[in-house]
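S.K.: Let me begin by handing over the structure; questions about it come next.
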Amino acid sequence: MDCKRIADQVYDLADAGTSDSLAPLVKEALEVIDCCLDTHGPDNVSLSFNGGKDCTVLLHLYAGALARRLQPSESMRPIHAIYIPVPSPFAELEHFIDQTMESYNLDLFSCRPSAPQVESVSTPVPRQSGKDYVSAPAPVGKAKGGEGMRQALQTYKDHFPHITAILIGTRRTDPHGAKLSHRNMTDNGWPVFERVNPIINWSYEDVWSFLRRLSVPYCRLYDEGYTSLGSTFNTFPNPALLISSPPSPSTEIQTPLTASSVITPSAALTHVMANTHSEPESPEGDPMSPTGVLSSYISKTHTKPNGVAPDSVTGHARKSIIVDTKMKCNGNSVSRYLPAYELKDGNLERSGRASIQPQTTHDQ
């Protein structure tokens with residue numbers, strides 16, 4: 001990557017004026033990054049990078065901000081970064097991270113915690129009060145995956161004690177992001193860092209507008225219907241992006257999926273496990289994995305615009321389902337997932353993420 005060209009690109013966009021909806025957001029983000037660099041110094045700032053769309057935006061902005069500070073005769077130094085892998089990461093995601101390390105010259109420290117669960121942005125189970133995680137956020141340290149994150153950051157602090165600030169791609173609509181500001185210290189009991197959130201006020205649509213307009217490379221899973229990436233066992237193509245096309249020209253108009261009609265992976269697993277008292281089995285009689293259960297269920301429900309749930313995804317009905325993340329055949333129609341940037345309702349961004357794990361239940 002030519003980071004000096006990136007600097008010209010992003011700062012020109014920031015100066016484009018209010019007629020461009022991205023310009024104020026880019027300007028704000030760059031100002032936050034520049035202020036962080038002034039406070040801590042470039043050698044003491046790191047970037048949290050896990051290959052997702054948000055931190056990819058942030059990396060591009062940060063590379064531009066660093067390059068802007070170079071003298072004409074200076075070259076870019078390696079960019080400090082930390083990668084905290086989730087359990088069972090996607091191979092495509094790790095390949096993209098490797099490519100990005102080379103392209104942006106990242107000095108990336110991979111820190112795998114010993115805790116069994118870790119997510120860069122964990123997905124809380126919905127509260128009993130019925131409030132969602134945006135209107136009623138909970139401390140990150142008490143969320144699923146919080147301990148793994150704390151351990152990883154402590155390891156990073158032990159190896160790089162001079163790092164005092166970490167840039168993070170958290171946005172306002174992320175779990176635990178609702179009440180964050182641009183700059184926050186870590187909570188009590190956590191390794192001491194300043195957490196800097198330059199794109200906290202960006203929307204899902206803003207992220208994709210930036211990536212596509214500036215032709216920033218991103219993980220190819222987003223072109224296969226994934227909108228939020230985590231572990232392979234809790235991340236699926238977004239059912240809101242599954243469309244069904246008739247095999248021949250037709251005037252039939254499909255009903256767009258909305259928040260009320262989309263059946264999320266969490267709801268699917270709840271439905272399946274509530275209606276089965278043993279591990280779901282494949283047609284061959286073998287236990288199905290969580291991925292198999294959800295893929296079959298979502299394939300069955302979301303090839304129909306109204307998302308009506310079948311009575312069960314077990315038994316004979318499942319034998320007729322052909323599952324593939326790129327293309328599905330169901331009856332006389334052919335279904336496929338649109339790319340992530342086609343999602344019109346940002347509230348559905350995490351509809352492909354499951355916040356519960358299926359458990360075997362038994363009659364008492």
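Each chain of the structure tokens is named A, B, ... in the order shown, its residues numbered from 1; ligands are numbered from 1 in display order.
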Find the residues around segment 150-153 of chain A up to 7 Å (only C-alpha atoms counted), leave out those fewer than 6 positions away in its own chain, and share them as a ChimeraX atom specification.

M.R.: /A:84,111-113,190-191

S.K.: So which residues touch Lys53 of chain A within 12 Å, counting only C-alpha atoms, skipping near sequence neighbours fewer than 3 positions away, as a short mmCIF file (atom, residue, chain, number, x, y, z; two decimals) with N, CA, C and O atoms, in the first residue's frame?

M.R.:
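Saved to around.cif:
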```
data_model
loop_
_atom_site.label_atom_id
_atom_site.label_comp_id
_atom_site.auth_asym_id
_atom_site.auth_seq_id
_atom_site.Cartn_x
_atom_site.Cartn_y
_atom_site.Cartn_z
N PHE A 49 -6.87 -5.19 15.43
CA PHE A 49 -7.25 -5.61 14.07
C PHE A 49 -7.59 -7.10 14.06
O PHE A 49 -6.76 -7.94 14.42
N ASN A 50 -8.82 -7.41 13.65
CA ASN A 50 -9.25 -8.82 13.56
C ASN A 50 -9.78 -9.17 12.17
O ASN A 50 -10.38 -10.23 11.99
N THR A 56 -11.05 -2.63 9.44
CA THR A 56 -10.43 -2.41 8.13
C THR A 56 -10.57 -0.94 7.73
O THR A 56 -9.63 -0.33 7.21
N VAL A 57 -11.73 -0.37 7.98
CA VAL A 57 -11.91 1.08 7.78
C VAL A 57 -10.92 1.85 8.64
O VAL A 57 -10.23 2.77 8.17
N LEU A 58 -10.84 1.47 9.92
CA LEU A 58 -9.97 2.18 10.85
C LEU A 58 -8.51 2.07 10.45
O LEU A 58 -7.75 3.06 10.54
N LEU A 59 -8.09 0.89 10.00
CA LEU A 59 -6.70 0.72 9.57
C LEU A 59 -6.37 1.66 8.41
O LEU A 59 -5.30 2.29 8.39
N HIS A 60 -7.27 1.77 7.45
CA HIS A 60 -7.03 2.64 6.29
C HIS A 60 -6.90 4.10 6.74
O HIS A 60 -6.00 4.83 6.28
N LEU A 93 -10.94 -15.50 6.73
CA LEU A 93 -10.63 -14.30 7.51
C LEU A 93 -9.15 -14.24 7.85
O LEU A 93 -8.51 -13.19 7.72
N PHE A 96 -7.17 -13.25 4.88
CA PHE A 96 -7.26 -11.81 4.64
C PHE A 96 -6.36 -11.05 5.62
O PHE A 96 -5.70 -10.07 5.23
N ILE A 97 -6.31 -11.47 6.87
CA ILE A 97 -5.44 -10.83 7.85
C ILE A 97 -3.98 -10.93 7.41
O ILE A 97 -3.22 -9.95 7.49
N ILE A 168 -9.65 1.24 18.33
CA ILE A 168 -10.63 0.16 18.21
C ILE A 168 -11.74 0.59 17.26
O ILE A 168 -12.17 1.75 17.28
N GLY A 169 -12.24 -0.35 16.46
CA GLY A 169 -13.27 -0.03 15.47
C GLY A 169 -14.69 -0.16 15.99
O GLY A 169 -15.60 -0.46 15.21
N THR A 170 -14.91 0.06 17.27
CA THR A 170 -16.25 -0.03 17.84
C THR A 170 -17.14 1.09 17.31
O THR A 170 -16.70 2.24 17.17
N ARG A 171 -18.41 0.74 17.04
CA ARG A 171 -19.40 1.73 16.62
C ARG A 171 -20.54 1.78 17.64
O ARG A 171 -20.72 0.88 18.45
N ILE A 199 -14.35 5.74 14.98
CA ILE A 199 -15.53 5.64 14.11
C ILE A 199 -16.77 5.29 14.92
O ILE A 199 -17.71 4.69 14.40
N SER A 203 -22.30 4.59 10.92
CA SER A 203 -23.34 3.57 10.77
C SER A 203 -22.82 2.42 9.90
O SER A 203 -21.74 2.51 9.30
N TYR A 204 -23.59 1.36 9.86
CA TYR A 204 -23.26 0.22 8.99
C TYR A 204 -23.12 0.70 7.54
O TYR A 204 -22.17 0.32 6.84
N GLU A 205 -24.05 1.53 7.11
CA GLU A 205 -24.01 2.04 5.73
C GLU A 205 -22.78 2.90 5.49
O GLU A 205 -22.16 2.84 4.42
N ASP A 206 -22.38 3.70 6.48
CA ASP A 206 -21.19 4.55 6.33
C ASP A 206 -19.94 3.70 6.11
O ASP A 206 -19.08 4.04 5.29
N VAL A 207 -19.84 2.60 6.86
CA VAL A 207 -18.68 1.71 6.73
C VAL A 207 -18.55 1.19 5.31
O VAL A 207 -17.47 1.24 4.70
N TRP A 208 -19.67 0.73 4.75
CA TRP A 208 -19.60 0.18 3.41
C TRP A 208 -19.44 1.25 2.34
O TRP A 208 -18.78 1.02 1.31
N SER A 209 -19.97 2.43 2.58
CA SER A 209 -19.75 3.53 1.63
C SER A 209 -18.27 3.87 1.55
O SER A 209 -17.72 4.09 0.46
N PHE A 210 -17.60 3.90 2.70
CA PHE A 210 -16.18 4.22 2.73
C PHE A 210 -15.35 3.13 2.04
O PHE A 210 -14.50 3.43 1.18
N LEU A 211 -15.58 1.88 2.40
CA LEU A 211 -14.80 0.79 1.83
C LEU A 211 -14.93 0.72 0.32
O LEU A 211 -13.94 0.53 -0.41
N ARG A 212 -16.15 0.88 -0.17
CA ARG A 212 -16.38 0.72 -1.60
C ARG A 212 -15.94 1.95 -2.39
O ARG A 212 -15.40 1.83 -3.49
N VAL A 216 -11.14 -0.04 -0.79
CA VAL A 216 -10.34 -0.65 0.26
C VAL A 216 -10.58 -2.17 0.25
O VAL A 216 -11.73 -2.60 0.31
N PRO A 217 -9.55 -2.98 0.18
CA PRO A 217 -9.75 -4.44 0.21
C PRO A 217 -10.39 -4.88 1.53
O PRO A 217 -10.07 -4.34 2.59
N TYR A 218 -11.29 -5.85 1.45
CA TYR A 218 -11.95 -6.38 2.65
C TYR A 218 -12.09 -7.89 2.51
O TYR A 218 -11.93 -8.45 1.42
N CYS A 219 -12.41 -8.55 3.61
CA CYS A 219 -12.53 -10.01 3.62
C CYS A 219 -13.66 -10.46 2.69
O CYS A 219 -14.76 -9.93 2.73
N ARG A 220 -13.39 -11.49 1.89
CA ARG A 220 -14.35 -11.91 0.87
C ARG A 220 -15.60 -12.56 1.45
O ARG A 220 -16.60 -12.72 0.73
N LEU A 221 -15.58 -12.93 2.72
CA LEU A 221 -16.79 -13.49 3.33
C LEU A 221 -17.96 -12.50 3.27
O LEU A 221 -19.12 -12.91 3.22
N TYR A 222 -17.64 -11.22 3.26
CA TYR A 222 -18.70 -10.21 3.17
C TYR A 222 -19.42 -10.25 1.82
O TYR A 222 -20.56 -9.79 1.72
N ASP A 223 -18.77 -10.78 0.82
CA ASP A 223 -19.43 -10.93 -0.48
C ASP A 223 -20.29 -12.18 -0.56
O ASP A 223 -20.96 -12.42 -1.56
N TYR A 226 -22.23 -12.74 4.66
CA TYR A 226 -21.90 -12.50 6.06
C TYR A 226 -21.86 -10.99 6.30
O TYR A 226 -21.30 -10.23 5.51
N THR A 227 -22.43 -10.55 7.41
CA THR A 227 -22.43 -9.12 7.72
C THR A 227 -21.71 -8.81 9.02
O THR A 227 -21.39 -7.64 9.29
N SER A 228 -21.48 -9.80 9.87
CA SER A 228 -20.76 -9.64 11.13
C SER A 228 -20.00 -10.94 11.38
O SER A 228 -20.59 -12.01 11.38
N LEU A 229 -18.68 -10.84 11.55
CA LEU A 229 -17.84 -12.04 11.60
C LEU A 229 -17.40 -12.37 13.01
O LEU A 229 -16.96 -11.49 13.77
N GLY A 230 -17.53 -13.65 13.38
CA GLY A 230 -17.06 -14.16 14.66
C GLY A 230 -16.47 -15.54 14.44
O GLY A 230 -15.78 -15.78 13.46
N ALA A 340 -22.72 -8.18 1.65
CA ALA A 340 -23.04 -7.45 2.88
C ALA A 340 -23.44 -6.00 2.63
O ALA A 340 -24.29 -5.45 3.33
N TYR A 341 -22.84 -5.37 1.63
CA TYR A 341 -23.15 -3.96 1.41
C TYR A 341 -24.56 -3.74 0.86
O TYR A 341 -25.02 -2.60 0.78
N GLU A 349 -27.73 -6.06 11.11
CA GLU A 349 -26.32 -6.40 10.87
C GLU A 349 -25.91 -7.70 11.55
O GLU A 349 -25.18 -8.50 11.00
#
```

S.K.: Could you give me, as a list of chain:residue names, the residues within 12 Å of Gly41 of chain A, counting only C-alpha atoms and dropping anything in the same chain fewer than 2 positions from it?

M.R.: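 Once the adjacent positions are removed, what remains is A:Ile33, A:Asp34, A:Cys35, A:Cys36, A:Leu37, A:Asp38, A:Thr39, A:Asp43, A:Asn44, A:Val45, A:Ser46, A:Leu66, A:Arg69, A:His162, A:Ile163, A:Thr164, A:Ala165, A:Ile166.
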
S.K.: Have a look at A:Asp187, A:Thr173, A:Ala14, A:Pro78 and name the one nearest to Asn347 of chain A; count only C-alpha atoms.

M.R.: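 The answer is A:Thr173, which sits nearest to Asn347 of chain A.
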
S.K.: Check the DSSP output for the backbone and give back, as JSON, numbers by chain, the residues of segment 49-216 of chain A in strand (DSSP E).

M.R.: {"A": [79, 80, 81, 82, 83, 106, 107, 108, 109, 110, 165, 166, 167, 183, 184, 185, 194, 195, 196]}

S.K.: Can you write out the residues you just picked, keeping C-alpha atoms, as a PDB file, in the first residue's frame?

M.R.:
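As a result, selection_12.pdb now contains:
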```pdb
ATOM      1  CA  ILE A  79       2.198  -0.210  12.225  1.00  0.00           C
ATOM      2  CA  HIS A  80       1.740  -1.628  15.733  1.00  0.00           C
ATOM      3  CA  ALA A  81      -1.325  -3.866  15.903  1.00  0.00           C
ATOM      4  CA  ILE A  82      -2.868  -6.574  18.060  1.00  0.00           C
ATOM      5  CA  TYR A  83      -4.956  -9.514  16.856  1.00  0.00           C
ATOM      6  CA  LEU A 106       1.494  -4.389  10.118  1.00  0.00           C
ATOM      7  CA  ASP A 107       3.593  -5.389  13.098  1.00  0.00           C
ATOM      8  CA  LEU A 108       0.756  -7.659  14.212  1.00  0.00           C
ATOM      9  CA  PHE A 109       0.978  -9.446  17.550  1.00  0.00           C
ATOM     10  CA  SER A 110      -1.384 -12.420  17.658  1.00  0.00           C
ATOM     11  CA  ALA A 165      -3.458   3.501  23.679  1.00  0.00           C
ATOM     12  CA  ILE A 166      -5.305   1.118  21.376  1.00  0.00           C
ATOM     13  CA  LEU A 167      -7.430   2.202  18.427  1.00  0.00           C
ATOM     14  CA  ARG A 183     -11.773   8.067  24.230  1.00  0.00           C
ATOM     15  CA  ASN A 184     -12.260   5.849  27.290  1.00  0.00           C
ATOM     16  CA  MET A 185      -9.889   4.235  29.740  1.00  0.00           C
ATOM     17  CA  GLU A 194      -6.766   4.259  26.614  1.00  0.00           C
ATOM     18  CA  ARG A 195      -9.386   2.824  24.254  1.00  0.00           C
ATOM     19  CA  VAL A 196      -9.806   5.151  21.291  1.00  0.00           C
TER      20      VAL A 196
END
```

S.K.: From the set A:Met76, A:Tyr104, A:Phe90, A:Ala67, which residue has the shortest atom-to-atom contact distance to Phe233 of chain A, counting only C-alpha atoms?

M.R.: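 Using only C-alpha atoms, Phe233 of chain A sits closest to A:Phe90.
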
S.K.: Name the closest residue to Pro198 of chain A among the candidates A:Arg172, A:Asn234, A:Thr18, A:Glu28; distances are taken between atoms, counting only C-alpha atoms.

M.R.: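 For Pro198 of chain A, the nearest of the candidates is A:Glu28.
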
S.K.: Quick check for you: according to DSSP on this backbone, which residues of segment 15-123 of chain A are classed as helix (DSSP H, G or I)? Reply as a PyMOL selection string.

M.R.: chain A and resi 22-40+42-44+53-68+91-104

S.K.: Go through A:His182, A:Ser19, A:Asn105, A:Gly146 and flag the residue nearest Glu31 of chain A, using only C-alpha atoms for the distances.

M.R.: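 Among the listed residues, the smallest separation from Glu31 of chain A belongs to A:His182.
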
S.K.: Just how far from atom CA of Ser335 of chain A is atom CA of Asp54 of chain A, in Å to one decimal?

M.R.: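 Interatomic distance, atom CA of Asp54 of chain A to atom CA of Ser335 of chain A: 28.0 Å.
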
S.K.: Do you have the atom CA of Ile6 of chain A-atom CA of Ala63 of chain A distance handy?

M.R.: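 If I compute the distance from atom CA of Ile6 of chain A to atom CA of Ala63 of chain A, I get 7.2 Å.
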